[in-house]
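The file work.pdb contains PDB, C-alpha atoms:
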ATOM      1  CA  MET A1248       5.026  22.503   1.173
ATOM      2  CA  ALA A1249       6.796  21.852   4.459
ATOM      3  CA  ARG A1250       7.183  18.160   5.222
ATOM      4  CA  THR A1251       7.967  16.035   8.229
ATOM      5  CA  LYS A1252       9.188  12.491   7.993
ATOM      6  CA  GLN A1253       6.319  10.050   8.231
ATOM      7  CA  GLN A1254       6.495   6.319   7.988
ATOM      8  CA  GLN A1255       4.701   4.870   5.013
ATOM      9  CA  PRO A1256       2.044   2.237   5.748
ATOM     10  CA  GLU A1257       3.531  -1.254   5.720
ATOM     11  CA  SER A1258       1.963  -4.501   4.649
ATOM     12  CA  ASN A1259       0.611  -6.715   7.393
ATOM     13  CA  PRO A1260       1.653 -10.324   6.720
ATOM     14  CA  SER A1261      -0.824 -11.606   9.316
ATOM     15  CA  LEU A1262      -3.786 -10.515   7.203
ATOM     16  CA  SER A1263      -5.631 -13.164   5.228
ATOM     17  CA  ILE A1264      -8.568 -13.149   2.851
ATOM     18  CA  LYS A1265     -10.944 -13.961   5.712
ATOM     19  CA  SER A1266      -9.595 -11.207   7.981
ATOM     20  CA  ILE A1267      -9.213  -8.425   5.395
ATOM     21  CA  THR A1268     -11.623  -5.486   5.534
ATOM     22  CA  LYS A1269     -12.340  -2.516   3.284
ATOM     23  CA  SER A1270     -10.159  -0.459   5.610
ATOM     24  CA  SER A1271      -7.181  -2.772   6.193
ATOM     25  CA  VAL A1272      -7.029  -3.667   2.490
ATOM     26  CA  TRP A1273      -5.471  -0.231   1.923
ATOM     27  CA  ASP A1274      -2.433  -1.369   3.930
ATOM     28  CA  ILE A1275      -1.406  -4.067   1.471
ATOM     29  CA  GLN A1276       0.182  -4.117  -1.968
ATOM     30  CA  GLU A1277      -0.320  -6.180  -5.123
ATOM     31  CA  ASN A1278       2.049  -8.972  -4.051
ATOM     32  CA  ASP A1279       0.117  -9.325  -0.797
ATOM     33  CA  VAL A1280      -3.085  -9.811  -2.783
ATOM     34  CA  PHE A1281      -1.466 -12.616  -4.772
ATOM     35  CA  ARG A1282      -0.120 -14.245  -1.593
ATOM     36  CA  MET A1283      -3.530 -14.195   0.102
ATOM     37  CA  TRP A1284      -5.377 -15.697  -2.842
ATOM     38  CA  GLU A1285      -2.770 -18.395  -3.395
ATOM     39  CA  ALA A1286      -2.971 -19.345   0.289
ATOM     40  CA  ALA A1287      -6.759 -19.625   0.044
ATOM     41  CA  THR A1288      -7.046 -21.824  -3.041
ATOM     42  CA  LYS A1289      -7.672 -24.904  -0.860
ATOM     43  CA  ASP A1290     -10.307 -23.155   1.251
ATOM     44  CA  ALA A1291     -13.795 -24.296   0.269
ATOM     45  CA  GLU A1292     -15.471 -21.288   1.872
ATOM     46  CA  VAL A1293     -13.369 -18.847  -0.156
ATOM     47  CA  LYS A1294     -14.070 -20.821  -3.317
ATOM     48  CA  GLU A1295     -17.822 -20.599  -2.713
ATOM     49  CA  ASN A1296     -17.690 -16.874  -1.935
ATOM     50  CA  ILE A1297     -15.121 -15.611  -4.415
ATOM     51  CA  HIS A1298     -17.162 -12.569  -5.457
ATOM     52  CA  HIS A1299     -17.676 -11.489  -1.849
ATOM     53  CA  TYR A1300     -13.959 -11.481  -1.083
ATOM     54  CA  LEU A1301     -13.107 -10.047  -4.476
ATOM     55  CA  ASP A1302     -15.378  -7.051  -3.818
ATOM     56  CA  ILE A1303     -13.326  -6.204  -0.727
ATOM     57  CA  PHE A1304     -10.104  -6.148  -2.740
ATOM     58  CA  LYS A1305     -11.761  -4.123  -5.496
ATOM     59  CA  SER A1306     -12.404  -1.312  -3.030
ATOM     60  CA  ALA A1307      -8.654  -0.637  -2.964
ATOM     61  CA  PHE A1308      -7.389  -2.249  -6.182
ATOM     62  CA  LEU A1309      -8.173  -2.108  -9.868
ATOM     63  CA  ILE A1310      -8.642  -5.750 -10.871
ATOM     64  CA  GLU A1311      -9.107  -6.896 -14.447
ATOM     65  CA  GLU A1312      -9.706 -10.495 -15.399
ATOM     66  CA  ILE A1313      -7.588 -11.549 -18.373
ATOM     67  CA  LYS A1314      -9.392 -13.741 -20.885
ATOM     68  CA  ASP A1315      -6.477 -14.138 -23.311
ATOM     69  CA  ASP A1316      -3.139 -15.803 -22.654
ATOM     70  CA  PRO A1317      -1.778 -13.792 -19.687
ATOM     71  CA  LEU A1318       1.798 -14.214 -20.899
ATOM     72  CA  LEU A1319       0.955 -12.486 -24.177
ATOM     73  CA  VAL A1320      -0.695  -9.462 -22.578
ATOM     74  CA  LYS A1321       1.438  -9.267 -19.425
ATOM     75  CA  LYS A1322       3.828  -6.625 -20.799
ATOM     76  CA  ASN A1323       0.971  -4.392 -21.890
ATOM     77  CA  TYR A1324      -0.545  -4.463 -18.418
ATOM     78  CA  GLU A1325       2.829  -3.929 -16.748
ATOM     79  CA  LYS A1326       3.363  -0.791 -18.828
ATOM     80  CA  ARG A1327       0.130   0.526 -17.280
ATOM     81  CA  GLY A1328       1.357  -0.222 -13.754
ATOM     82  CA  TYR A1329      -0.445  -3.526 -13.247
ATOM     83  CA  LYS A1330       0.955  -6.774 -11.903
ATOM     84  CA  VAL A1331      -0.299 -10.014 -13.405
ATOM     85  CA  THR A1332      -0.877 -13.374 -11.740
ATOM     86  CA  GLN A1333      -2.771 -16.632 -12.222
ATOM     87  CA  ILE A1334      -4.871 -18.125  -9.437
ATOM     88  CA  LYS A1335      -5.865 -21.796  -9.692
ATOM     89  CA  PHE A1336      -8.467 -23.291  -7.350
ATOM     90  CA  ASP A1337      -8.794 -26.475  -9.385
ATOM     91  CA  GLU A1338      -8.774 -27.592 -13.013
ATOM     92  CA  ASN A1339     -12.209 -26.087 -13.564
ATOM     93  CA  LEU A1340     -11.696 -22.807 -11.722
ATOM     94  CA  LYS A1341      -8.763 -20.675 -12.794
ATOM     95  CA  PHE A1342      -8.282 -16.914 -12.927
ATOM     96  CA  ALA A1343      -5.737 -14.638 -14.559
ATOM     97  CA  TRP A1344      -5.825 -11.179 -12.992
ATOM     98  CA  ALA A1345      -4.115  -7.870 -13.653
ATOM     99  CA  ILE A1346      -4.035  -5.875 -10.404
ATOM    100  CA  LYS A1347      -3.056  -2.308  -9.529
ATOM    101  CA  LYS A1348      -3.541  -0.296  -6.331
ATOM    102  CA  ARG A1349      -6.165   2.395  -6.789
ATOM    103  CA  PRO A1350      -4.430   5.776  -6.921
ATOM    104  CA  ILE A1351      -5.502   8.567  -4.579
ATOM    105  CA  MET A1352      -5.063  11.603  -6.788
ATOM    106  CA  ARG A1353      -8.152  13.749  -6.199
ATOM    107  CA  VAL A1354     -10.104  14.734  -3.116
ATOM    108  CA  THR A1355     -12.996  12.649  -4.444
ATOM    109  CA  ASP A1356     -10.766   9.562  -4.093
ATOM    110  CA  LEU A1357     -10.719  10.019  -0.308
ATOM    111  CA  THR A1358     -12.999   7.740   1.724
ATOM    112  CA  TYR A1359     -13.558   6.874   5.370
ATOM    113  CA  GLU A1360     -11.855   3.533   4.606
ATOM    114  CA  ASN A1361      -8.619   4.911   3.134
ATOM    115  CA  ILE A1362      -8.172   8.239   4.924
ATOM    116  CA  ARG A1363      -6.084   6.769   7.754
ATOM    117  CA  HIS A1364      -3.921   4.838   5.330
ATOM    118  CA  ILE A1365      -2.206   7.811   3.693
ATOM    119  CA  THR A1366       0.348  10.233   5.091
ATOM    120  CA  ALA A1367      -0.259  13.899   5.859
ATOM    121  CA  GLU A1368       2.143  14.733   3.031
ATOM    122  CA  LYS A1369       0.040  12.728   0.579
ATOM    123  CA  LEU A1370      -3.168  14.328   1.861
ATOM    124  CA  LEU A1371      -1.849  17.841   1.325
ATOM    125  CA  GLU A1372      -0.695  16.947  -2.182
ATOM    126  CA  VAL A1373      -4.247  15.827  -2.961
ATOM    127  CA  ILE A1374      -5.730  19.024  -1.487
ATOM    128  CA  ASP A1375      -3.247  21.104  -3.477
ATOM    129  CA  ARG A1376      -4.572  19.542  -6.701
ATOM    130  CA  ASN A1377      -8.074  20.795  -5.908
ATOM    131  CA  PHE A1378      -7.624  23.897  -8.088
ATOM    132  CA  GLY A1379      -5.598  25.596  -5.347
ATOM    133  CA  GLY A1380      -8.771  26.750  -3.611
ATOM    134  CA  GLY A1381      -7.706  25.921  -0.060
ATOM    135  CA  TRP A1382      -9.635  24.309   2.756
ATOM    136  CA  ASP A1383     -12.885  26.194   2.188
ATOM    137  CA  SER A1384     -13.011  24.989  -1.412
ATOM    138  CA  LEU A1385     -13.590  21.422  -0.209
ATOM    139  CA  SER A1386     -17.135  20.164   0.161
ATOM    140  CA  GLN A1387     -18.424  19.500   3.667
ATOM    141  CA  SER A1388     -18.505  15.741   3.009
ATOM    142  CA  ILE A1389     -14.831  15.721   1.983
ATOM    143  CA  GLN A1390     -13.877  17.830   5.010
ATOM    144  CA  ASP A1391     -15.676  15.351   7.287
ATOM    145  CA  ILE A1392     -13.769  12.428   5.751
ATOM    146  CA  ILE A1393     -10.429  14.214   6.217
ATOM    147  CA  LEU A1394     -11.231  15.225   9.795
ATOM    148  CA  SER A1395     -12.056  11.620  10.681
ATOM    149  CA  GLY A1396      -8.377  10.761  10.168
ATOM    150  CA  PHE A1397      -6.388  13.973  10.530
ATOM    151  CA  ASP A1398      -6.005  16.955  12.808
ATOM    152  CA  ILE A1399      -6.385  19.985  10.532
ATOM    153  CA  SER A1400      -5.699  23.654  11.288
ATOM    154  CA  THR A1401      -5.693  26.630   8.942
ATOM    155  CA  THR A1402      -4.483  30.199   9.124
ATOM    156  CA  THR A1403      -4.341  33.023   6.576
ATOM    157  CA  LEU A1404      -1.615  35.634   7.010
ATOM    158  CA  PRO A1405       0.234  38.272   4.984
ATOM    159  CA  LYS A1406       2.989  36.603   3.010
ATOM    160  CA  ASP A1407       5.775  38.354   4.913
ATOM    161  CA  ARG A1408       4.342  37.409   8.318
ATOM    162  CA  LEU A1409       3.645  33.683   7.831
ATOM    163  CA  HIS A1410       7.172  32.519   8.630
ATOM    164  CA  LYS A1411       7.765  34.842  11.555
ATOM    165  CA  LYS A1412      10.319  33.163  13.815
ATOM    166  CA  GLY A1413       8.693  31.454  16.768
ATOM    167  CA  GLY A1414       5.204  32.038  15.358
ATOM    168  CA  MET A1415       2.314  29.698  14.700
ATOM    169  CA  TYR A1416       3.974  28.178  11.630
ATOM    170  CA  ASP A1417       7.127  27.140  13.490
ATOM    171  CA  LYS A1418       5.144  25.754  16.433
ATOM    172  CA  LYS A1419       2.953  23.588  14.217
ATOM    173  CA  VAL A1420       5.903  22.166  12.280
ATOM    174  CA  GLU A1421       7.724  21.411  15.543
ATOM    175  CA  ASP A1422       4.591  19.601  16.712
ATOM    176  CA  GLY A1423       4.792  17.241  13.725
ATOM    177  CA  PHE A1424       2.348  18.885  11.313
ATOM    178  CA  ASP A1425       2.900  18.940   7.560
ATOM    179  CA  VAL A1426       2.054  22.254   5.915
ATOM    180  CA  LEU A1427       0.566  23.281   2.578
ATOM    181  CA  GLU A1428       0.877  26.952   1.595
ATOM    182  CA  ILE A1429      -1.582  28.434  -0.892
ATOM    183  CA  GLU A1430      -0.880  31.966  -2.106
ATOM    184  CA  LYS A1431      -3.822  34.339  -2.332
ATOM    185  CA  GLY A1432      -2.522  37.658  -3.591
ATOM    186  CA  GLY A1433      -0.361  39.181  -0.889
ATOM    187  CA  TRP A1434      -1.729  36.706   1.651
ATOM    188  CA  VAL A1435      -1.047  32.989   2.188
ATOM    189  CA  GLU A1436      -3.358  30.292   3.500
ATOM    190  CA  ALA A1437      -1.462  27.653   5.470
ATOM    191  CA  ILE A1438      -3.133  24.265   5.959
ATOM    192  CA  PHE A1439      -1.573  22.147   8.718
ATOM    193  CA  ALA A1440      -2.238  18.386   8.814
ATOM    194  CA  LYS A1441      -1.227  15.579  11.166
ATOM    195  CA  LEU A1442      -2.545  12.013  11.348
ATOM    196  CA  LYS A1443      -4.704  11.464  14.414
ATOM    197  CA  PRO A1444      -3.622   8.812  16.928
ATOM    198  CA  GLU A1445      -5.577   5.584  17.021
ATOM    199  CA  GLN A1446      -8.609   5.828  19.265
ATOM    200  CA  GLU A1447     -10.864   3.194  20.703
ATOM    201  CA  ARG A1448     -14.125   2.980  18.792
ATOM    202  CA  LEU A1449     -17.370   2.693  20.631
ATOM    203  CA  ARG A1450     -18.918  -0.630  19.778
ATOM    204  CA  MET A1451     -22.411  -1.631  20.752
ATOM    205  CA  LYS A1452     -23.680  -5.180  20.759
ATOM    206  CA  PHE A1453     -27.256  -6.036  20.086
ATOM    207  CA  SER A1454     -28.883  -9.433  20.324
ATOM    208  CA  ASP A1455     -32.480 -10.392  19.702
ATOM    209  CA  LYS A1456     -32.083 -13.527  21.831
ATOM    210  CA  PRO A1457     -32.831 -13.501  25.557
ATOM    211  CA  GLU A1458     -29.958 -13.325  28.006
ATOM    212  CA  GLY A1459     -28.525 -16.722  28.803
ATOM    213  CA  ASP A1460     -29.203 -18.240  25.386
ATOM    214  CA  GLU A1461     -26.323 -20.470  24.323
ATOM    215  CA  ASP A1462     -26.044 -18.813  20.895
ATOM    216  CA  ASP A1463     -25.990 -15.218  22.171
ATOM    217  CA  GLU A1464     -22.306 -14.756  21.403
ATOM    218  CA  ASP A1465     -22.560 -16.146  17.902
ATOM    219  CA  ASN A1466     -25.523 -13.974  16.995
ATOM    220  CA  ASP A1467     -24.326 -10.657  18.354
ATOM    221  CA  GLU A1468     -23.786  -8.017  15.709
ATOM    222  CA  ASP A1469     -21.289  -5.210  16.163
ATOM    223  CA  PHE A1470     -22.234  -1.691  15.233
ATOM    224  CA  GLU A1471     -19.614   1.036  14.934
ATOM    225  CA  VAL A1472     -20.769   4.400  16.134
ATOM    226  CA  GLU A1473     -18.760   7.109  14.426
ATOM    227  CA  ASP A1474     -19.018  10.721  15.507
ATOM    228  CA  ASN A1475     -18.528  13.010  12.543
ATOM    229  CA  TYR A1476     -19.883  16.067  14.326
ATOM    230  CA  SER A1477     -17.716  19.123  14.010
ATOM    231  CA  SER A1478     -18.752  22.416  15.502
ATOM    232  CA  HIS A1479     -17.073  24.436  12.798
ATOM    233  CA  ASP A1480     -19.874  23.264  10.489
ATOM    234  CA  GLU A1481     -22.174  25.698  12.304
ATOM    235  CA  VAL A1482     -19.756  28.619  12.453
ATOM    236  CA  GLU A1483     -19.680  31.096   9.636
ATOM    237  CA  ASP A1484     -16.826  33.594   9.686
ATOM    238  CA  GLU A1485     -17.049  36.790   7.735
ATOM    239  CA  VAL A1486     -13.492  38.078   7.821
ATOM    240  CA  GLU A1487     -12.625  41.590   6.816
ATOM    241  CA  ASP A1488      -8.945  42.032   5.936
ATOM    242  CA  PRO A1489      -7.251  44.504   8.289
ATOM    243  CA  ASN A1490      -5.196  47.387   7.021
ATOM    244  CA  ASP A1491      -1.697  46.018   6.394
ATOM    245  CA  ASP A1492      -0.180  49.120   8.008
ATOM    246  CA  GLU A1493      -1.970  48.409  11.272
ATOM    247  CA  ILE A1494      -1.324  44.662  11.486
ATOM    248  CA  THR A1495      -0.119  43.486  14.877
ATOM    249  CA  GLU A1496       0.683  40.121  16.373
ATOM    250  CA  ASP A1497      -2.821  40.091  17.868
ATOM    251  CA  ASN A1498      -4.914  40.984  14.853
ATOM    252  CA  TYR A1499      -3.306  39.295  11.852
ATOM    253  CA  SER A1500      -3.415  35.671  12.980
ATOM    254  CA  THR A1501      -6.511  33.526  12.513
ATOM    255  CA  MET A1502      -6.245  29.971  13.635
ATOM    256  CA  VAL A1503      -9.041  27.442  13.341
ATOM    257  CA  ASP A1504      -8.303  24.046  14.849
ATOM    258  CA  LEU A1505     -10.590  21.765  12.892
ATOM    259  CA  GLY A1506      -9.409  18.504  14.406
ATOM    260  CA  SER A1507     -10.686  18.833  17.984
ATOM    261  CA  ASP A1508     -12.978  16.130  19.280
ATOM    262  CA  ASP A1509     -14.676  18.596  21.628
ATOM    263  CA  PRO A1510     -17.068  21.014  19.868
ATOM    264  CA  GLU A1511     -16.728  23.535  22.708
ATOM    265  CA  ASP A1512     -12.922  23.474  22.374
ATOM    266  CA  GLU A1513     -13.190  24.086  18.637
ATOM    267  CA  ALA A1514     -15.361  27.167  19.110
ATOM    268  CA  ALA A1515     -13.063  28.480  21.837
ATOM    269  CA  ASN A1516     -10.014  28.095  19.607
ATOM    270  CA  MET A1517     -11.332  30.384  16.884
ATOM    271  CA  ILE A1518      -9.540  33.716  16.789
ATOM    272  CA  ASP A1519     -11.294  36.242  14.562
ATOM    273  CA  TYR A1520      -9.749  39.244  12.962
ATOM    274  CA  VAL A1521     -10.137  42.404  15.019
ATOM    275  CA  ASP A1522     -12.462  44.793  13.227
ATOM    276  CA  GLU A1523     -10.970  48.107  12.406
TER     277      GLU A1523
END
As structure tokens - that is how I would like this structure written.
Amino acid sequence: MARTKQQQPESNPSLSIKSITKSSVWDIQENDVFRMWEAATKDAEVKENIHHYLDIFKSAFLIEEIKDDPLLVKKNYEKRGYKVTQIKFDENLKFAWAIKKRPIMRVTDLTYENIRHITAEKLLEVIDRNFGGGWDSLSQSIQDIILSGFDISTTTLPKDRLHKKGGMYDKKVEDGFDVLEIEKGGWVEAIFAKLKPEQERLRMKFSDKPEGDEDDEDNDEDFEVEDNYSSHDEVEDEVEDPNDDEITEDNYSTMVDLGSDDPEDEAANMIDYVDE
């Protein structure tokens, strides 16, 4: 798998328990979790809503409450990759937790919340574990999750043509894409992936109070409108392999850009094999 250097997500020290979300929680590590909870032990609101805040952390971390002496079981948890801490709100409210970041090992571990918090290299490793079936082996729901965070392109070429100098492969790598190659007999499917740039999200505010009411601002609710439409969902390609002896630059390359935001651009970018 070809790789480009990508910066790993870093912890955000400005995040607190009250500002963390099920998306941003994927940017922090175990020590950040401990820091946030220790800083919030004097906060009455956090104390009254422990389960609410804990549920947010559980979306990205495995958290086990330790009933026995944490010092006695600490080594056992550490061998399993956990970190152990004690959180004390007061004499009557104490917790001992073993915490470990949820691993993203399978395509079913991918979610809309964590997809933008992994690298393209990590994504392709996860896809490669999916029985080596390639892009089309992924369910439509998994493809939609991936496309919400990454620009994806695929091409299937004869093995000896994939790395042609100056070809599609070289251009994609130069453009910052990571590449996963999956062999299929004498042919190779190349999956190119690059994290999408941050985009402004359309937010709509609704209020059931009349305009001018003093509490309008406090009672507005934000709704995120996410467009998961992808025109390739409606396109079915039936590709007949050309005769290897008659392969040319024009008829052996199929490139489907699955990351376009414009459905018309996606359809225009599809290059089908030329029928014999």
In Å and to one decimal, CA of Glu1360 in chain A is distant from CA of Lys1269 in chain A by 6.2 Å
Kindly assemble as JSON lines a list of the range 1312-1356 of chain A residues that lie within 9 Å of range 1376-1379 of chain A, each paired with its nearest atom pair and their distance in Å to one decimal, using only C-alpha atoms, sorted first by chain and then by ascending residue number.
{"residue": "A:Met1352", "atom": "CA", "partner": "A:Arg1376", "partner_atom": "CA", "distance": 8.0}
{"residue": "A:Arg1353", "atom": "CA", "partner": "A:Arg1376", "partner_atom": "CA", "distance": 6.8}
{"residue": "A:Val1354", "atom": "CA", "partner": "A:Asn1377", "partner_atom": "CA", "distance": 7.0}
Saved selection, atoms kept: C-alpha atoms, as a PDB file, keeping the file's coordinate frame:
ATOM      1  CA  MET A1352      -5.063  11.603  -6.788  1.00  0.00           C
ATOM      2  CA  ARG A1353      -8.152  13.749  -6.199  1.00  0.00           C
ATOM      3  CA  VAL A1354     -10.104  14.734  -3.116  1.00  0.00           C
TER       4      VAL A1354
END
Would you mind listing what lies within 7 Å of Ile1334 in chain A as a ChimeraX atom specification, with all atoms listed in the file counted and same-chain residues fewer than 4 positions away left out? /A:1285,1341-1343
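Of note, CA of Asp1356 in chain A and CA of Leu1309 in chain A are spaced 13.3 Å apart.
For Tyr1329 in chain A, the non-local neighbours within 9 Å, defined as residues at least 5 positions apart in the same chain or in other chains and counting all atoms listed in the file, are Glu1277, Leu1309, Ile1310, Lys1321, Asn1323, Tyr1324, Ala1345, Ile1346, Lys1347 and Lys1348 of chain A.
The space separating CA of Phe1281 in chain A from CA of Thr1332 in chain A comes to 7.0 Å.
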Between A:Ile1267, A:Gly1380, A:Ala1367, A:Leu1340, smallest distance to Glu1295 in chain A by all atoms listed in the file belongs to A:Leu1340
*List every protein, DNA or RNA residue that has at least one atom no more than 10 Å from (-10.5, -15.0, -19.5) in the file's coordinates, counting all atoms listed in the file, and write the result as number ranges by chain.*
A: 1311-1317, 1341-1344
Grab the residues selected above and save them as an mmCIF file, in the frame of the given file with C-alpha atoms.
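Printed below is out.cif as written:
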data_model
loop_
_atom_site.group_PDB
_atom_site.id
_atom_site.type_symbol
_atom_site.label_atom_id
_atom_site.label_comp_id
_atom_site.auth_asym_id
_atom_site.auth_seq_id
_atom_site.Cartn_x
_atom_site.Cartn_y
_atom_site.Cartn_z
ATOM 1 C CA GLU A 1311 -9.107 -6.896 -14.447
ATOM 2 C CA GLU A 1312 -9.706 -10.495 -15.399
ATOM 3 C CA ILE A 1313 -7.588 -11.549 -18.373
ATOM 4 C CA LYS A 1314 -9.392 -13.741 -20.885
ATOM 5 C CA ASP A 1315 -6.477 -14.138 -23.311
ATOM 6 C CA ASP A 1316 -3.139 -15.803 -22.654
ATOM 7 C CA PRO A 1317 -1.778 -13.792 -19.687
ATOM 8 C CA LYS A 1341 -8.763 -20.675 -12.794
ATOM 9 C CA PHE A 1342 -8.282 -16.914 -12.927
ATOM 10 C CA ALA A 1343 -5.737 -14.638 -14.559
ATOM 11 C CA TRP A 1344 -5.825 -11.179 -12.992
#
Once the PyMOL selection byres ((chain A and resi 1300) around 12) is applied to the coordinates I shared, what remains selected? I want it as number ranges by chain.
A: 1263-1269, 1272, 1280, 1283-1284, 1287, 1292-1299, 1301-1306
Starting from the incomplete input, reconstruct N, CA, C and O atoms of range 1363-1380 of chain A and report them as a CSV table (one decimal), in the coordinates of the input.
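Output (rebuild.csv):
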chain,number,residue,atom,x,y,z
A,1363,ARG,N,-7.1,7.0,6.8
A,1363,ARG,CA,-6.1,6.8,7.8
A,1363,ARG,C,-4.9,6.0,7.2
A,1363,ARG,O,-4.0,5.6,7.9
A,1364,HIS,N,-5.0,5.7,5.9
A,1364,HIS,CA,-3.9,4.8,5.3
A,1364,HIS,C,-3.1,5.6,4.3
A,1364,HIS,O,-2.4,5.0,3.5
A,1365,ILE,N,-3.1,7.0,4.5
A,1365,ILE,CA,-2.2,7.8,3.7
A,1365,ILE,C,-1.5,8.7,4.7
A,1365,ILE,O,-1.9,8.9,5.8
A,1366,THR,N,-0.4,9.3,4.2
A,1366,THR,CA,0.3,10.2,5.1
A,1366,THR,C,-0.2,11.6,5.0
A,1366,THR,O,-1.0,12.0,4.0
A,1367,ALA,N,0.2,12.5,5.9
A,1367,ALA,CA,-0.3,13.9,5.9
A,1367,ALA,C,0.3,14.6,4.6
A,1367,ALA,O,-0.3,15.4,4.0
A,1368,GLU,N,1.5,14.2,4.2
A,1368,GLU,CA,2.1,14.7,3.0
A,1368,GLU,C,1.3,14.4,1.8
A,1368,GLU,O,1.0,15.3,1.0
A,1369,LYS,N,0.9,13.1,1.7
A,1369,LYS,CA,0.0,12.7,0.6
A,1369,LYS,C,-1.3,13.5,0.6
A,1369,LYS,O,-1.8,13.9,-0.5
A,1370,LEU,N,-1.9,13.6,1.8
A,1370,LEU,CA,-3.2,14.3,1.9
A,1370,LEU,C,-3.1,15.8,1.3
A,1370,LEU,O,-3.9,16.2,0.6
A,1371,LEU,N,-2.0,16.4,1.7
A,1371,LEU,CA,-1.8,17.8,1.3
A,1371,LEU,C,-1.6,18.0,-0.2
A,1371,LEU,O,-2.0,18.9,-0.8
A,1372,GLU,N,-0.9,17.0,-0.7
A,1372,GLU,CA,-0.7,16.9,-2.2
A,1372,GLU,C,-2.0,16.8,-2.9
A,1372,GLU,O,-2.3,17.5,-3.9
A,1373,VAL,N,-2.9,16.0,-2.4
A,1373,VAL,CA,-4.2,15.8,-3.0
A,1373,VAL,C,-5.1,17.1,-2.8
A,1373,VAL,O,-5.7,17.6,-3.8
A,1374,ILE,N,-5.0,17.8,-1.7
A,1374,ILE,CA,-5.7,19.0,-1.5
A,1374,ILE,C,-5.2,20.1,-2.4
A,1374,ILE,O,-5.9,20.9,-3.0
A,1375,ASP,N,-3.9,20.1,-2.6
A,1375,ASP,CA,-3.2,21.1,-3.5
A,1375,ASP,C,-3.7,21.0,-4.9
A,1375,ASP,O,-3.7,22.0,-5.7
A,1376,ARG,N,-4.1,19.8,-5.3
A,1376,ARG,CA,-4.6,19.5,-6.7
A,1376,ARG,C,-6.0,20.0,-6.9
A,1376,ARG,O,-6.5,20.0,-8.0
A,1377,ASN,N,-6.7,20.4,-5.8
A,1377,ASN,CA,-8.1,20.8,-5.9
A,1377,ASN,C,-8.2,22.3,-6.3
A,1377,ASN,O,-8.8,23.1,-5.7
A,1378,PHE,N,-7.6,22.6,-7.5
A,1378,PHE,CA,-7.6,23.9,-8.1
A,1378,PHE,C,-7.0,25.0,-7.2
A,1378,PHE,O,-7.3,26.2,-7.4
A,1379,GLY,N,-6.2,24.6,-6.2
A,1379,GLY,CA,-5.6,25.6,-5.3
A,1379,GLY,C,-6.6,26.5,-4.6
A,1379,GLY,O,-6.2,27.6,-4.2
A,1380,GLY,N,-7.8,25.9,-4.3
A,1380,GLY,CA,-8.8,26.8,-3.6
A,1380,GLY,C,-8.7,26.8,-2.1
A,1380,GLY,O,-9.3,27.6,-1.5
